[in-house]
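Just input_4.cif here, mmCIF, C-alpha atoms:
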data_start
#
loop_
_atom_site.label_atom_id
_atom_site.label_comp_id
_atom_site.auth_asym_id
_atom_site.auth_seq_id
_atom_site.Cartn_x
_atom_site.Cartn_y
_atom_site.Cartn_z
CA MET A 213 57.75 194.51 88.49
CA VAL A 214 60.14 195.06 91.35
CA LEU A 215 61.98 192.08 92.80
CA GLN A 216 63.04 191.84 96.38
CA PRO A 217 66.77 192.18 97.15
CA ARG A 218 66.91 188.64 98.52
CA LEU A 219 65.77 187.33 95.09
CA LEU A 220 68.14 189.50 93.06
CA THR A 221 71.26 188.32 94.90
CA PRO A 222 71.40 184.77 93.51
CA LEU A 223 70.54 186.03 90.01
CA ARG A 224 73.41 188.50 90.09
CA ALA A 225 75.81 185.78 91.26
CA LEU A 226 74.67 183.53 88.42
CA GLY A 227 75.22 186.28 85.84
CA GLY A 228 78.70 186.98 87.15
CA ALA A 229 79.65 183.35 86.93
CA ILE A 230 78.55 183.23 83.31
CA THR A 231 80.55 186.31 82.45
CA ARG A 232 83.75 185.00 84.09
CA SER A 233 83.39 181.60 82.45
CA GLN A 234 83.35 183.07 78.93
CA THR A 235 86.35 181.92 76.91
CA PRO A 236 87.42 183.04 73.44
CA ILE A 237 85.84 180.33 71.33
CA THR A 238 87.83 181.42 68.30
CA ARG A 239 90.98 179.97 69.85
CA LEU A 240 89.68 176.41 69.56
CA VAL A 241 91.18 174.41 66.74
CA PRO A 242 88.47 172.98 64.50
CA THR A 243 88.82 169.46 63.24
CA GLN A 244 86.43 169.80 60.30
CA PRO A 245 85.46 172.69 57.97
CA SER A 246 81.82 172.63 59.11
CA GLN A 247 82.87 173.12 62.75
CA SER A 248 84.87 176.28 61.92
CA ILE A 249 81.78 177.94 60.42
CA LEU A 250 79.77 177.05 63.55
CA LEU A 251 82.43 178.44 65.89
CA ARG A 252 82.57 181.77 64.00
CA THR A 253 78.80 182.11 64.17
CA LEU A 254 78.77 181.45 67.91
CA SER A 255 81.57 183.95 68.55
CA ALA A 256 79.60 186.63 66.68
CA THR A 257 76.28 186.01 68.37
CA THR A 258 77.44 185.32 71.94
CA PRO A 259 77.98 189.01 73.02
CA SER A 260 74.56 190.03 71.68
CA LEU A 261 72.90 187.18 73.54
CA LEU A 262 74.59 188.14 76.78
CA LYS A 263 73.43 191.81 76.43
CA SER A 264 69.82 190.80 75.73
CA ASN A 265 67.21 190.26 78.40
CA LEU A 266 66.90 186.55 77.70
CA PRO A 267 67.30 184.26 80.72
CA ARG A 268 70.81 182.99 81.25
CA PHE A 269 71.46 179.24 81.67
CA THR A 270 74.54 177.25 82.66
CA ILE A 271 75.59 173.97 81.07
CA SER A 272 76.33 171.29 83.69
CA GLN A 273 77.77 167.83 83.18
CA VAL A 274 75.98 164.84 84.73
CA ARG A 275 78.24 161.96 85.92
CA HIS A 276 76.67 158.52 85.76
CA ALA A 277 77.75 155.56 87.87
CA SER A 278 80.47 153.43 86.30
CA HIS A 279 79.42 150.20 88.09
CA SER A 280 76.19 148.35 88.67
CA ALA A 281 73.89 149.24 91.48
CA GLN A 282 74.38 147.81 94.95
CA GLY A 283 73.00 144.28 95.28
CA ALA A 284 73.25 143.36 91.61
CA ALA A 285 76.59 141.61 92.09
CA ASN A 286 74.94 138.67 93.91
CA ARG A 287 72.01 138.44 91.56
CA HIS A 288 73.31 135.31 89.80
CA SER A 289 74.33 133.40 92.96
CA ARG A 290 70.96 133.14 94.63
CA ASP A 291 70.21 129.75 93.07
CA PRO A 292 73.39 127.65 93.55
CA ALA A 293 73.89 124.12 92.27
CA GLY A 294 72.70 121.20 94.37
CA LYS A 295 75.14 119.52 96.75
CA ARG A 296 74.14 115.96 95.73
CA LEU A 297 73.16 114.91 99.23
CA GLY A 298 71.44 111.66 100.12
CA ALA A 299 72.07 107.93 99.93
CA LYS A 300 74.89 106.76 97.64
CA ARG A 301 74.54 103.02 98.40
CA THR A 302 71.35 101.08 98.95
CA GLY A 303 70.72 98.41 101.55
CA GLY A 304 72.36 95.10 100.66
CA GLU A 305 74.86 96.65 98.23
CA TYR A 306 78.47 95.53 98.51
CA VAL A 307 81.02 98.20 99.45
CA VAL A 308 84.74 98.38 100.13
CA PRO A 309 86.59 100.34 102.84
CA GLY A 310 86.37 104.08 102.24
CA CYS A 311 83.25 103.87 100.07
CA ILE A 312 80.77 106.72 100.76
CA ILE A 313 77.35 105.44 101.79
CA PHE A 314 75.38 108.56 102.78
CA ARG A 315 75.97 112.33 102.40
CA GLN A 316 74.05 114.66 104.69
CA ARG A 317 74.01 118.02 106.47
CA GLY A 318 73.61 117.24 110.12
CA THR A 319 73.21 113.82 111.72
CA LYS A 320 70.04 112.37 110.25
CA TRP A 321 71.84 109.01 110.12
CA PHE A 322 74.52 107.81 112.51
CA PRO A 323 77.44 105.42 111.82
CA GLY A 324 76.82 101.90 113.05
CA GLU A 325 78.99 98.78 113.01
CA ASN A 326 82.00 98.93 110.65
CA CYS A 327 81.15 102.50 109.59
CA ALA A 328 82.48 105.96 110.46
CA MET A 329 81.47 109.60 110.04
CA GLY A 330 83.53 112.37 108.43
CA ARG A 331 83.70 115.98 109.58
CA ASP A 332 81.03 116.96 107.02
CA HIS A 333 78.69 114.26 108.46
CA THR A 334 79.42 111.88 105.57
CA ILE A 335 79.05 108.21 106.54
CA TYR A 336 81.53 105.82 104.91
CA ALA A 337 82.50 102.16 105.26
CA THR A 338 85.55 101.03 107.23
CA GLU A 339 85.31 97.33 106.26
CA ALA A 340 84.27 95.45 103.14
CA GLY A 341 80.75 94.02 103.30
CA TYR A 342 77.07 94.68 102.68
CA VAL A 343 75.18 97.84 103.66
CA ARG A 344 72.43 97.72 106.28
CA TYR A 345 70.08 100.54 107.40
CA TYR A 346 68.72 99.66 110.83
CA LEU A 347 67.49 100.79 114.26
CA ASP A 348 69.09 99.90 117.58
CA PRO A 349 66.65 100.57 120.45
CA GLN A 350 69.09 99.29 123.06
CA ARG A 351 71.68 101.80 121.93
CA HIS A 352 69.32 104.74 121.28
CA SER A 353 65.55 104.87 121.04
CA GLU A 354 65.26 107.32 118.10
CA ARG A 355 68.50 107.27 116.15
CA LYS A 356 68.85 105.60 112.75
CA TYR A 357 72.08 103.78 111.97
CA ILE A 358 73.99 102.60 108.92
CA GLY A 359 76.25 99.56 109.28
CA ILE A 360 78.15 96.88 107.38
CA VAL A 361 77.75 93.10 107.66
CA PHE A 362 80.19 90.56 106.26
CA GLU A 363 77.63 87.97 105.14
CA LYS A 364 74.97 88.73 102.54
CA GLU A 365 72.29 87.28 104.83
CA GLY A 366 73.64 89.03 107.96
CA THR A 367 71.45 91.27 110.11
CA LEU A 368 72.05 94.25 112.40
CA PRO A 369 72.17 95.09 115.25
CA THR A 370 74.37 92.31 116.58
CA PRO A 371 73.07 90.81 119.85
CA ARG A 372 74.88 91.95 122.95
CA ASN A 373 77.70 89.74 124.29
CA ALA A 374 77.82 87.88 120.95
CA PRO A 375 81.20 87.16 119.27
CA THR A 376 81.88 89.87 116.70
CA ARG A 377 84.17 89.93 113.73
CA ARG A 378 87.49 91.70 114.00
CA LYS A 379 89.74 93.10 111.32
CA LEU A 380 90.29 91.08 108.14
CA ASN A 381 86.73 89.73 108.51
CA ARG A 382 87.71 87.14 111.09
CA VAL A 383 85.65 85.65 113.93
CA SER A 384 87.10 84.99 117.38
CA VAL A 385 87.32 81.21 118.00
CA PRO A 386 89.04 79.25 120.77
CA MET A 387 92.63 78.32 120.03
CA LEU A 388 93.48 74.62 119.77
CA PRO A 389 96.71 73.21 121.16
CA VAL A 390 99.47 72.99 118.60
CA VAL A 391 100.69 69.44 117.94
CA GLU A 392 104.35 69.26 117.02
CA GLU A 393 104.95 66.96 114.08
CA GLN A 394 108.09 64.86 113.71
CA PRO A 395 110.14 66.40 110.91
CA ASP A 396 111.60 64.18 108.24
CA LEU A 397 114.98 65.91 108.57
CA THR A 398 117.48 63.75 110.42
CA VAL A 399 120.71 65.07 111.87
CA VAL A 400 123.58 63.00 113.18
CA SER A 401 125.18 64.38 116.33
CA GLY A 402 128.69 63.73 117.58
CA ASP A 403 127.63 61.08 120.07
CA ASN A 404 125.66 59.11 117.47
CA THR A 405 128.37 58.89 114.85
CA GLY A 406 127.96 55.69 112.86
CA THR A 407 124.41 55.08 114.08
CA VAL A 408 121.04 56.02 112.65
CA VAL A 409 118.65 58.50 114.33
CA GLY A 410 115.34 59.93 113.21
CA THR A 411 112.59 58.43 111.11
CA VAL A 412 114.87 56.47 108.80
CA GLY A 413 115.56 52.98 110.06
CA ALA A 414 118.96 51.35 110.25
CA GLU A 415 117.96 48.70 107.73
CA GLN A 416 117.25 51.38 105.12
CA LEU A 417 120.80 52.71 105.10
CA ALA A 418 123.92 51.12 103.72
CA ILE A 419 125.40 49.10 106.56
CA GLY A 420 129.04 49.72 107.32
CA LYS A 421 129.27 53.31 106.09
CA GLN A 422 130.51 55.80 108.65
CA LEU A 423 128.40 58.95 109.08
CA ARG A 424 130.27 62.13 109.99
CA PRO A 425 129.03 64.46 112.75
CA GLY A 426 126.52 67.05 111.41
CA TYR A 427 125.42 64.82 108.51
CA MET A 428 121.72 65.26 107.65
CA TRP A 429 119.27 63.82 105.17
CA ARG A 430 115.56 63.76 104.37
CA GLU A 431 113.51 60.66 103.99
CA ALA A 432 112.10 61.76 100.62
CA ASN A 433 115.58 62.29 99.22
CA TRP A 434 116.69 58.92 100.57
CA GLN A 435 113.77 57.21 98.80
CA ILE A 436 114.69 58.90 95.50
CA GLY A 437 118.28 57.69 95.83
CA ARG A 438 117.22 54.12 96.55
CA ALA A 439 114.84 54.13 93.57
CA ALA A 440 117.68 55.32 91.29
CA GLU A 441 119.95 52.57 92.58
CA ASN A 442 117.29 49.92 91.96
CA ALA A 443 116.85 51.24 88.40
CA GLY A 444 120.60 51.09 87.76
CA ILE A 445 120.98 54.85 87.28
CA THR A 446 124.30 56.20 88.43
CA ALA A 447 125.84 59.65 88.22
CA LYS A 448 129.03 60.14 86.28
CA PRO A 449 132.05 60.61 88.49
CA HIS A 450 133.21 64.19 88.74
CA LYS A 451 136.62 64.91 87.28
CA ARG A 452 138.12 67.94 88.93
CA ASN A 453 140.66 68.79 86.21
CA ASN A 454 138.53 68.07 83.13
CA ARG A 455 138.52 71.57 81.61
CA TRP A 456 137.20 70.31 78.26
CA LEU A 457 133.99 69.10 79.93
CA ALA A 458 133.60 72.39 81.77
CA TRP A 459 134.00 74.36 78.53
CA ARG A 460 131.32 72.29 76.79
CA LYS A 461 128.92 72.89 79.68
CA ARG A 462 129.51 76.64 79.48
CA GLN A 463 128.90 76.62 75.73
CA ALA A 464 125.68 74.64 76.13
CA ARG A 465 124.48 77.04 78.84
CA ALA A 466 125.22 80.09 76.68
CA ALA A 467 123.38 78.53 73.71
CA ARG A 468 120.28 77.95 75.86
CA VAL A 469 120.33 81.55 77.12
CA ALA A 470 120.64 82.91 73.55
CA GLU A 471 117.75 80.73 72.40
CA MET A 472 115.52 81.98 75.21
CA LYS A 473 116.34 85.61 74.35
CA SER A 474 115.48 85.07 70.69
CA LEU A 475 112.15 83.50 71.64
CA ARG A 476 111.28 86.47 73.87
CA LYS A 477 112.11 88.91 71.08
CA LYS A 478 109.92 86.99 68.64
CA LYS A 479 106.99 87.07 71.09
CA LYS A 480 107.33 90.85 71.55
CA ALA A 481 107.49 91.40 67.78
CA SER A 482 104.35 89.30 67.23
CA LYS A 483 102.46 91.27 69.90
CA LYS A 484 103.41 94.59 68.30
CA ALA A 485 102.34 93.33 64.88
CA LYS A 486 98.91 92.34 66.26
CA ARG A 487 98.40 95.80 67.71
#
Translate this file's structure into structure tokens.
Amino acid sequence: MVLQPRLLTPLRALGGAITRSQTPITRLVPTQPSQSILLRTLSATTPSLLKSNLPRFTISQVRHASHSAQGAANRHSRDPAGKRLGAKRTGGEYVVPGCIIFRQRGTKWFPGENCAMGRDHTIYATEAGYVRYYLDPQRHSERKYIGIVFEKEGTLPTPRNAPTRRKLNRVSVPMLPVVEEQPDLTVVSGDNTGTVVGTVGAEQLAIGKQLRPGYMWREANWQIGRAAENAGITAKPHKRNNRWLAWRKRQARAARVAEMKSLRKKKKASKKAKR
């Protein structure tokens, strides 16, 4: 059998590569006694195998991928958790300012009276009251609204040109004129020295006593003083230089303060014992 030259060329190149790649196997350092015997056998038989007419083969190393195939990284994220959209408060439920009423993607519901919408289309309350889901044909023929009313029996939408509540849940009402009341405080001016002005009559005061300019009194205090005089109760005269009396008052005041402190300590100790 005669082969064509174009077929012999690659075979000759393959044989030359095998011959050049031969290394002295005996130089390898064996790690176990059994491996040394195997290496000696291979070194003895390798030249005879190369001279024989057996087909020559090369040993190639196959490199496998060290990471997963493309597309497998997103395999576990194709079924994400739910976003918990929908109604958070039912109609007629009481809410406070800032309470979330409805979460949505897009504007299925629109904010009505006393409500607002966040940048993620979340509708929340701006005033305290009761939730209402309603339609407002005069405002829009197809939109659905969510609003807040201040009374439990209130309805939406509010009629046009009707008085509406403002902040702090107040209703606009007409203001009534303010009537100035006569105060019971009486002041004596410089021109009226010795006379009586105000609500207290001249017959109610001690006749003959001179009133200094800027003197003032209240009718309630005057009545208390007259009742004490009728009962025969008089205040002890103040002695400016009585240091003994002042010392006794200081001692009595300090004793009261110490007693109050001891009572507070006893209360705290009893509370700790109960715990």
* To do: Would you kindly translate the PyMOL selection byres ((chain A and resi 363) around 12) into the concrete residues it picks from this file, as a PyMOL selection string?
  => chain A and resi 304-306+340-344+360-362+364-368+377+381-382
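The residue that comes closest to Arg351 of chain A, out of A:Gly330, A:Gly228, A:Pro375, A:Gly324 and on the basis of all atoms listed in the file, is A:Gly324.
Reported to one decimal place, the separation of atom CA of His450 of chain A from atom CA of Trp434 of chain A is 21.0 Å.
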Return as JSON the box centre and box size in Å, one decimal, for an axis-aligned box around all listed atoms of segment 458-467 of chain A padded by 5 Å per side.
{"center_x": 128.7, "center_y": 76.2, "center_z": 77.7, "size_x": 20.6, "size_y": 17.8, "size_z": 18.1}
